[in-house]
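Listing of coords21.cif; format and content: mmCIF, C-alpha atoms.
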```cif
data_query
#
loop_
_atom_site.label_atom_id
_atom_site.label_comp_id
_atom_site.auth_asym_id
_atom_site.auth_seq_id
_atom_site.Cartn_x
_atom_site.Cartn_y
_atom_site.Cartn_z
CA MET A 14 17.47 68.80 141.84
CA LYS A 15 20.65 69.25 139.80
CA LYS A 16 24.05 68.98 141.45
CA GLU A 17 26.52 70.64 139.10
CA SER A 18 29.59 72.72 139.67
CA HIS A 19 27.93 75.49 137.56
CA THR A 20 24.98 75.96 139.91
CA THR A 21 24.19 79.67 140.26
CA ILE A 22 22.28 81.80 142.75
CA HIS A 23 19.42 81.87 140.24
CA ASP A 24 19.08 78.07 140.52
CA ILE A 25 18.80 78.44 144.28
CA ALA A 26 16.28 81.27 143.86
CA ARG A 27 14.09 79.17 141.54
CA ALA A 28 14.20 76.21 143.91
CA LEU A 29 13.06 78.36 146.83
CA ASN A 30 10.79 80.64 144.79
CA ILE A 31 12.57 83.79 145.93
CA SER A 32 14.55 86.46 144.11
CA GLY A 33 18.20 86.15 143.14
CA SER A 34 19.00 89.30 145.11
CA THR A 35 17.54 87.71 148.26
CA VAL A 36 19.74 84.65 147.73
CA SER A 37 22.79 86.85 147.25
CA ARG A 38 22.08 88.84 150.42
CA ALA A 39 21.44 85.64 152.40
CA LEU A 40 24.74 84.10 151.29
CA ASN A 41 26.52 87.31 152.29
CA ASP A 42 24.85 87.29 155.72
CA ASN A 43 23.01 90.56 155.08
CA SER A 44 21.16 91.79 158.19
CA ARG A 45 18.06 92.56 156.08
CA ILE A 46 17.46 88.83 155.55
CA SER A 47 15.84 86.72 158.28
CA ASP A 48 17.75 83.87 159.89
CA LYS A 49 15.08 81.45 158.63
CA THR A 50 15.63 82.52 155.02
CA LYS A 51 19.42 82.46 155.42
CA LYS A 52 19.26 78.88 156.67
CA ALA A 53 16.94 77.83 153.83
CA VAL A 54 19.28 79.41 151.25
CA ARG A 55 22.41 77.84 152.72
CA ASP A 56 20.77 74.42 152.97
CA MET A 57 19.64 74.61 149.33
CA ALA A 58 23.08 75.84 148.25
CA ARG A 59 24.66 72.77 149.83
CA GLN A 60 22.03 70.50 148.31
CA LEU A 61 22.65 71.88 144.82
CA GLY A 62 26.43 71.88 145.21
CA TYR A 63 26.69 75.65 144.81
CA GLN A 64 30.20 77.14 144.78
CA PRO A 65 30.56 80.93 144.90
CA ASN A 66 32.36 82.55 141.98
CA ALA A 67 35.19 84.08 144.00
CA LEU A 68 37.02 85.37 140.93
CA ALA A 69 34.04 87.33 139.63
CA SER A 70 33.39 88.76 143.07
CA ASN A 71 37.00 89.75 143.57
CA LEU A 72 37.33 91.32 140.14
CA ARG A 73 34.50 93.68 141.04
CA THR A 74 36.60 94.92 143.95
CA SER A 75 39.93 94.80 142.03
CA CYS A 76 41.18 92.25 144.53
CA THR A 77 41.86 88.56 143.95
CA ASN A 78 43.00 87.61 147.47
CA THR A 79 45.94 85.89 145.81
CA ILE A 80 49.66 86.50 146.22
CA GLY A 81 52.44 85.27 143.96
CA VAL A 82 55.76 83.73 145.02
CA ILE A 83 58.87 83.41 142.85
CA ILE A 84 61.62 81.13 144.16
CA PRO A 85 64.87 79.92 142.57
CA ARG A 86 64.57 76.19 143.37
CA ILE A 87 61.85 74.44 145.32
CA SER A 88 64.24 71.50 145.86
CA ARG A 89 66.36 73.59 148.23
CA TYR A 90 65.28 73.12 151.84
CA PHE A 91 65.52 76.83 152.64
CA PHE A 92 63.07 77.74 149.87
CA SER A 93 60.64 74.90 150.56
CA SER A 94 60.64 75.97 154.22
CA ALA A 95 60.02 79.57 153.17
CA ILE A 96 57.04 78.43 151.05
CA THR A 97 55.60 76.63 154.08
CA GLY A 98 55.84 79.82 156.12
CA ILE A 99 54.33 81.88 153.30
CA GLU A 100 51.40 79.54 152.71
CA GLU A 101 50.55 79.02 156.37
CA LEU A 102 50.25 82.72 157.14
CA ALA A 103 48.64 83.65 153.82
CA ARG A 104 45.87 81.10 154.20
CA THR A 105 45.08 82.16 157.76
CA ARG A 106 44.64 85.67 156.37
CA GLY A 107 42.32 84.47 153.57
CA TYR A 108 44.83 84.55 150.69
CA ASN A 109 45.67 81.90 148.11
CA VAL A 110 49.24 81.44 146.90
CA ILE A 111 50.58 80.90 143.36
CA ILE A 112 54.14 79.53 143.35
CA CYS A 113 56.53 79.93 140.40
CA GLN A 114 60.04 78.51 140.11
CA SER A 115 62.78 80.29 138.17
CA ASN A 116 65.28 77.40 138.25
CA ASP A 117 67.89 80.11 138.88
CA GLN A 118 67.48 81.46 135.31
CA GLU A 119 66.83 85.14 134.59
CA ALA A 120 64.67 84.49 131.49
CA ARG A 121 62.48 82.03 133.34
CA GLU A 122 62.18 84.47 136.23
CA ALA A 123 60.92 87.11 133.78
CA ASP A 124 58.31 84.59 132.56
CA CYS A 125 57.24 84.02 136.17
CA VAL A 126 56.72 87.77 136.57
CA GLN A 127 54.43 87.87 133.52
CA THR A 128 52.49 84.80 134.69
CA LEU A 129 51.79 86.35 138.07
CA PHE A 130 50.90 89.72 136.58
CA ALA A 131 48.43 88.04 134.20
CA SER A 132 46.95 86.22 137.20
CA ARG A 133 46.13 89.60 138.78
CA VAL A 134 47.90 88.81 142.06
CA ASP A 135 47.53 91.38 144.82
CA GLY A 136 51.24 91.27 145.65
CA VAL A 137 54.43 89.28 145.10
CA ILE A 138 57.18 87.74 147.25
CA SER A 139 60.37 86.90 145.37
CA SER A 140 63.90 85.60 145.82
CA ILE A 141 66.13 86.44 142.87
CA ALA A 142 67.60 83.78 140.58
CA ILE A 143 71.33 83.33 140.98
CA ASN A 144 71.89 84.35 137.33
CA THR A 145 69.70 87.48 137.41
CA GLU A 146 71.62 90.69 136.84
CA ASN A 147 68.93 92.77 135.10
CA PHE A 148 65.85 93.57 137.19
CA GLU A 149 63.75 95.39 134.59
CA HIS A 150 61.09 92.67 134.56
CA TYR A 151 60.21 93.43 138.18
CA LYS A 152 59.13 96.92 137.12
CA THR A 153 55.99 95.19 135.79
CA PHE A 154 54.96 95.27 139.45
CA THR A 155 56.63 98.40 140.81
CA ASP A 156 55.50 100.65 137.94
CA ARG A 157 51.89 99.63 138.66
CA ASN A 158 52.21 99.94 142.43
CA ILE A 159 51.71 96.20 142.96
CA PRO A 160 53.34 95.40 146.32
CA LEU A 161 56.62 93.50 146.00
CA VAL A 162 58.74 92.05 148.80
CA PHE A 163 62.11 90.39 148.20
CA PHE A 164 63.56 87.79 150.54
CA ASP A 165 66.98 86.15 150.92
CA ARG A 166 68.38 87.17 147.50
CA VAL A 167 67.22 90.76 147.21
CA CYS A 168 67.40 93.67 144.80
CA ASP A 169 68.62 97.09 145.96
CA GLU A 170 67.95 98.69 142.57
CA LEU A 171 64.20 98.84 143.25
CA GLU A 172 62.63 100.61 146.21
CA THR A 173 60.89 97.63 147.78
CA SER A 174 60.80 95.94 151.16
CA GLN A 175 63.16 93.08 151.97
CA VAL A 176 63.47 90.25 154.47
CA VAL A 177 66.93 88.77 154.91
CA VAL A 178 68.99 86.94 157.49
CA ASP A 179 72.14 88.45 158.99
CA ASP A 180 74.48 87.12 156.31
CA PHE A 181 77.35 89.35 157.43
CA LYS A 182 77.20 87.99 160.97
CA GLY A 183 76.88 84.46 159.59
CA GLY A 184 80.09 84.86 157.61
CA PHE A 185 81.82 86.41 160.61
CA ILE A 186 80.88 83.71 163.14
CA ALA A 187 81.70 80.93 160.66
CA ALA A 188 85.24 82.24 160.11
CA GLU A 189 85.79 83.12 163.77
CA HIS A 190 84.66 79.64 164.76
CA LEU A 191 87.32 78.12 162.50
CA ILE A 192 89.92 80.48 163.95
CA SER A 193 88.94 79.38 167.46
CA LYS A 194 89.62 75.78 166.40
CA GLY A 195 93.21 76.64 165.55
CA CYS A 196 92.85 76.87 161.75
CA LYS A 197 95.56 78.96 160.11
CA ARG A 198 94.62 79.16 156.41
CA ILE A 199 90.87 79.55 155.97
CA ALA A 200 89.47 79.55 152.44
CA HIS A 201 86.07 80.79 151.35
CA ILE A 202 83.94 79.45 148.52
CA GLY A 203 81.41 82.22 147.95
CA GLY A 204 78.47 82.84 145.67
CA PRO A 205 78.08 85.32 142.79
CA GLN A 206 79.19 88.72 143.98
CA HIS A 207 76.34 90.62 142.34
CA LEU A 208 74.02 89.19 145.00
CA ASN A 209 73.99 90.86 148.42
CA ILE A 210 73.77 87.69 150.48
CA TYR A 211 77.07 86.41 149.12
CA ILE A 212 78.75 89.80 149.31
CA ASN A 213 77.76 90.01 152.98
CA ARG A 214 78.91 86.47 153.80
CA LEU A 215 82.28 87.24 152.23
CA GLN A 216 82.59 90.55 154.09
CA GLY A 217 81.80 88.85 157.40
CA TYR A 218 84.50 86.26 156.71
CA LEU A 219 87.00 89.01 155.87
CA LYS A 220 86.19 90.98 159.02
CA ALA A 221 86.84 87.93 161.20
CA LEU A 222 90.21 87.37 159.53
CA ARG A 223 91.20 91.02 159.96
CA LYS A 224 90.05 91.04 163.59
CA HIS A 225 92.47 88.20 164.33
CA ASN A 226 95.28 89.65 162.17
CA PHE A 227 95.12 86.96 159.49
CA GLU A 228 96.63 87.73 156.11
CA ILE A 229 93.99 88.04 153.39
CA GLU A 230 95.06 85.62 150.65
CA GLU A 231 93.17 86.22 147.42
CA GLU A 232 93.87 82.71 146.13
CA LEU A 233 91.86 81.33 149.05
CA ILE A 234 88.70 83.19 147.98
CA ILE A 235 86.73 81.63 145.10
CA GLU A 236 83.47 82.80 143.53
CA SER A 237 81.11 79.99 142.52
CA LEU A 238 77.55 79.17 141.48
CA LEU A 239 77.41 76.94 144.57
CA THR A 240 76.15 73.78 142.86
CA ARG A 241 77.44 70.29 143.68
CA GLU A 242 79.58 70.33 140.54
CA ASP A 243 80.99 73.80 141.23
CA GLY A 244 81.66 72.85 144.84
CA LYS A 245 83.76 69.88 143.77
CA ALA A 246 85.67 71.97 141.20
CA CYS A 247 86.43 74.61 143.84
CA ALA A 248 87.45 71.96 146.39
CA LYS A 249 89.77 70.39 143.82
CA LYS A 250 91.37 73.76 143.05
CA LEU A 251 91.97 74.50 146.72
CA LEU A 252 92.92 71.06 147.98
CA ASP A 253 95.18 70.05 145.07
CA SER A 254 97.26 73.16 145.67
CA PRO A 255 100.78 72.74 147.13
CA ARG A 256 99.70 75.12 149.95
CA ARG A 257 96.24 73.88 150.63
CA PRO A 258 94.06 75.50 153.30
CA ASP A 259 93.34 73.75 156.58
CA ALA A 260 89.75 75.03 156.66
CA ILE A 261 87.04 76.08 154.20
CA PHE A 262 83.94 78.15 154.84
CA ALA A 263 81.42 77.53 152.05
CA ALA A 264 78.56 79.95 151.35
CA ASN A 265 76.05 77.09 151.24
CA ASP A 266 75.75 73.51 152.49
CA ILE A 267 75.65 72.05 148.97
CA SER A 268 79.21 73.24 148.31
CA ALA A 269 80.30 72.18 151.79
CA LEU A 270 79.05 68.66 151.08
CA SER A 271 81.07 68.57 147.84
CA ILE A 272 84.16 69.67 149.77
CA ILE A 273 83.74 66.86 152.31
CA LEU A 274 83.23 64.25 149.60
CA TYR A 275 86.27 65.37 147.60
CA ALA A 276 88.46 65.64 150.69
CA LYS A 277 87.61 62.05 151.64
CA GLU A 278 88.24 60.98 148.05
CA ILE A 279 91.84 62.23 148.21
CA GLY A 280 92.45 60.83 151.69
CA LEU A 281 92.13 63.94 153.85
CA ARG A 282 90.72 63.54 157.34
CA ILE A 283 87.91 65.84 158.46
CA PRO A 284 88.28 67.79 160.66
CA GLU A 285 91.89 66.83 161.51
CA ASP A 286 93.35 67.81 158.09
CA LEU A 287 90.53 70.03 156.91
CA ALA A 288 87.75 71.73 158.88
CA VAL A 289 84.57 72.64 156.97
CA VAL A 290 81.69 75.02 157.71
CA GLY A 291 78.62 75.49 155.49
CA PHE A 292 75.66 77.85 155.50
CA SER A 293 71.89 77.13 155.73
CA ASN A 294 71.57 73.98 157.88
CA GLU A 295 70.08 71.79 155.16
CA PRO A 296 68.57 68.53 156.55
CA PHE A 297 71.39 66.40 155.12
CA SER A 298 74.01 68.41 157.06
CA GLU A 299 73.15 66.53 160.26
CA TYR A 300 73.43 63.09 158.64
CA VAL A 301 76.42 63.35 156.29
CA SER A 302 79.57 61.74 157.72
CA PRO A 303 81.18 63.62 159.29
CA SER A 304 78.18 65.79 160.18
CA LEU A 305 78.46 69.35 158.92
CA THR A 306 78.99 72.45 161.02
CA THR A 307 76.84 75.16 159.51
CA ILE A 308 75.13 78.51 159.96
CA GLU A 309 71.42 78.06 160.59
CA GLN A 310 68.92 80.34 158.88
CA SER A 311 65.19 79.72 159.23
CA GLY A 312 63.46 79.67 155.85
CA PHE A 313 60.11 79.29 157.61
CA ASP A 314 60.66 82.46 159.66
CA VAL A 315 61.85 84.38 156.60
CA GLY A 316 58.79 83.28 154.60
CA THR A 317 56.42 84.15 157.42
CA LYS A 318 57.93 87.59 157.96
CA ALA A 319 57.94 88.36 154.21
CA THR A 320 54.25 87.41 154.01
CA GLU A 321 53.37 89.47 157.05
CA LEU A 322 55.13 92.46 155.51
CA LEU A 323 53.47 91.99 152.10
CA LEU A 324 49.96 91.58 153.51
CA ASP A 325 50.39 94.68 155.67
CA ILE A 326 51.30 96.65 152.55
CA ILE A 327 48.30 95.22 150.64
CA THR A 328 45.89 95.83 153.52
CA ASN A 329 47.09 99.37 154.15
CA LYS A 330 47.01 100.15 150.41
CA SER A 331 50.38 101.86 150.82
CA GLY A 332 51.87 100.41 147.64
CA ASN A 333 55.59 99.74 147.43
CA HIS A 334 57.74 101.19 150.16
CA GLN A 335 61.19 100.37 151.49
CA GLU A 336 61.70 98.48 154.72
CA THR A 337 64.39 95.92 155.51
CA ILE A 338 63.92 93.25 158.15
CA VAL A 339 67.03 91.31 159.24
CA LEU A 340 66.54 87.99 161.04
CA PRO A 341 69.23 86.35 163.22
CA VAL A 342 71.45 83.38 162.40
CA LYS A 343 73.35 80.98 164.65
CA LEU A 344 76.23 78.53 164.45
CA ILE A 345 75.38 74.81 164.60
CA GLU A 346 78.61 73.06 165.56
CA ARG A 347 79.03 69.47 164.39
CA GLU A 348 81.84 67.04 163.56
CA SER A 349 83.27 68.72 160.46
CA SER A 350 84.97 71.45 162.52
CA ASN A 351 85.15 69.86 165.98
CA ARG A 352 88.88 69.55 166.40
#
```
For this file, write the structure as structure tokens.
Amino acid sequence: MKKESHTTIHDIARALNISGSTVSRALNDNSRISDKTKKAVRDMARQLGYQPNALASNLRTSCTNTIGVIIPRISRYFFSSAITGIEELARTRGYNVIICQSNDQEAREADCVQTLFASRVDGVISSIAINTENFEHYKTFTDRNIPLVFFDRVCDELETSQVVVDDFKGGFIAAEHLISKGCKRIAHIGGPQHLNIYINRLQGYLKALRKHNFEIEEELIIESLLTREDGKACAKKLLDSPRRPDAIFAANDISALSIILYAKEIGLRIPEDLAVVGFSNEPFSEYVSPSLTTIEQSGFDVGTKATELLLDIITNKSGNHQETIVLPVKLIERESSNR
């Protein structure tokens, strides 16, 4: 008996001296086939090393049971956690997952779109690259009614569903926390203001300041790409100023870490001279010294909810529609703001 990966139902049929159609029905648990024949077919299939051609079967039904995922950077804890949530739910529902990484570049993101389209995915979950300002490439999906769900960094220009965390509330509770600690000049290092998550974090920060009658000082608000290098440059600009702030709320933990490192480099004490709050609750935030106060968002929950939403759209054959799900955030208080 041959044991090859290219074993077909016809090989099984010849071995058992039955028709190929009988083998096919037996493998698909057809009620017209006796249990004795089904067992004989399945035993022979295992013996010959038969693997069903899922792609050919799915193409006949215009369904590949595969979803695509586009993320900015797999190295970021939030996105790797989101992937875990996506994969766990997708696989329990019988779907495979293809993951593409844009590296926060618009051109590479457009390539990811084409790769997933060519792979005939049934739907796509995506978080926009930090540099993406033109969303035309996503119309490859929307124009063909291929379900598309955005998460975290979303696109309002296309009528698609979204899963986000409450970024506005996160910005608000971060700033209000610093106010409650007695901080008087609170700076904000934000992300690119063409992306909703960073707009909302800034607006939450501003609302907290206005609520407590703080003056809004434009020089204390800096837009950044939120990398380690940008975080240090922003920290240097703020902390080398003659009127430096006594607190900084950073729109991600990476920038917050850069602030802490630069502050220590120039001899500032944290939190006595400078209180710092980040956003995301990256694993390192608990172990950096001093440990980082941050806003926790669950990437796993976001990924799970985005997958649930996408699979419901696919299953119901409703195509693209618009629904926004907002998940909660919470403050994790640690040493960097504990005055």
Let me make sure I understand: among A:Val177, A:Ile186, A:Leu287, A:Leu344, which one has the smallest atom-to-atom distance to A:Phe313 if we use all atoms listed in the file? A:Val177
Answer key for the PyMOL selection byres ((chain A and resi 244) around 10), residues as a list in words: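 When the PyMOL selection byres ((chain A and resi 244) around 10) is applied to the shown file, the picked residues are Ile202, Gly203, Ser237, Leu238, Leu239, Thr240, Arg241, Glu242, Asp243, Lys245, Ala246, Cys247, Ala248, Lys249, Lys250, Ala263, Asn265, Asp266, Ile267, Ser268, Ala269, Leu270, Ser271, Ile272, Ile273, Leu274 and Tyr275 of chain A.
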If you measure from atom CA of A:Ser349 to atom CA of A:Val290, what distance in Å do you get, rounded to one decimal?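 Answer for the atom CA of A:Ser349 to atom CA of A:Val290 separation: 7.1 Å.
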Result set, the PyMOL selection byres ((chain A and resi 338) around 6) on current file, as a CSV table (one decimal) with C-alpha atoms, in the frame of the given file:
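Wrote expr.csv, looks like this:
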```
chain,number,residue,atom,x,y,z
A,176,VAL,CA,63.5,90.2,154.5
A,337,THR,CA,64.4,95.9,155.5
A,339,VAL,CA,67.0,91.3,159.2
```
Considering all atoms listed in the file, can you say which of A:Glu228, A:Glu336, A:Asp135, A:Glu170 comes closest to A:Asn147?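 Selected residue with least distance to A:Asn147: A:Glu170.
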Chain and number of each residue from the PyMOL selection byres ((chain A and resi 260) around 8), as a compact mmCIF listing (two decimals) with C-alpha atoms, keeping the file's coordinate frame:
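Below you can see out28.txt, which holds the result:
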```txt
# COMPACT_ATOMS: atom_id res chain seq x y z
CA LEU A 191 87.32 78.12 162.50
CA CYS A 196 92.85 76.87 161.75
CA LYS A 197 95.56 78.96 160.11
CA ARG A 198 94.62 79.16 156.41
CA ILE A 199 90.87 79.55 155.97
CA ALA A 200 89.47 79.55 152.44
CA PRO A 258 94.06 75.50 153.30
CA ASP A 259 93.34 73.75 156.58
CA ILE A 261 87.04 76.08 154.20
CA PHE A 262 83.94 78.15 154.84
CA LEU A 287 90.53 70.03 156.91
CA ALA A 288 87.75 71.73 158.88
CA VAL A 289 84.57 72.64 156.97
```
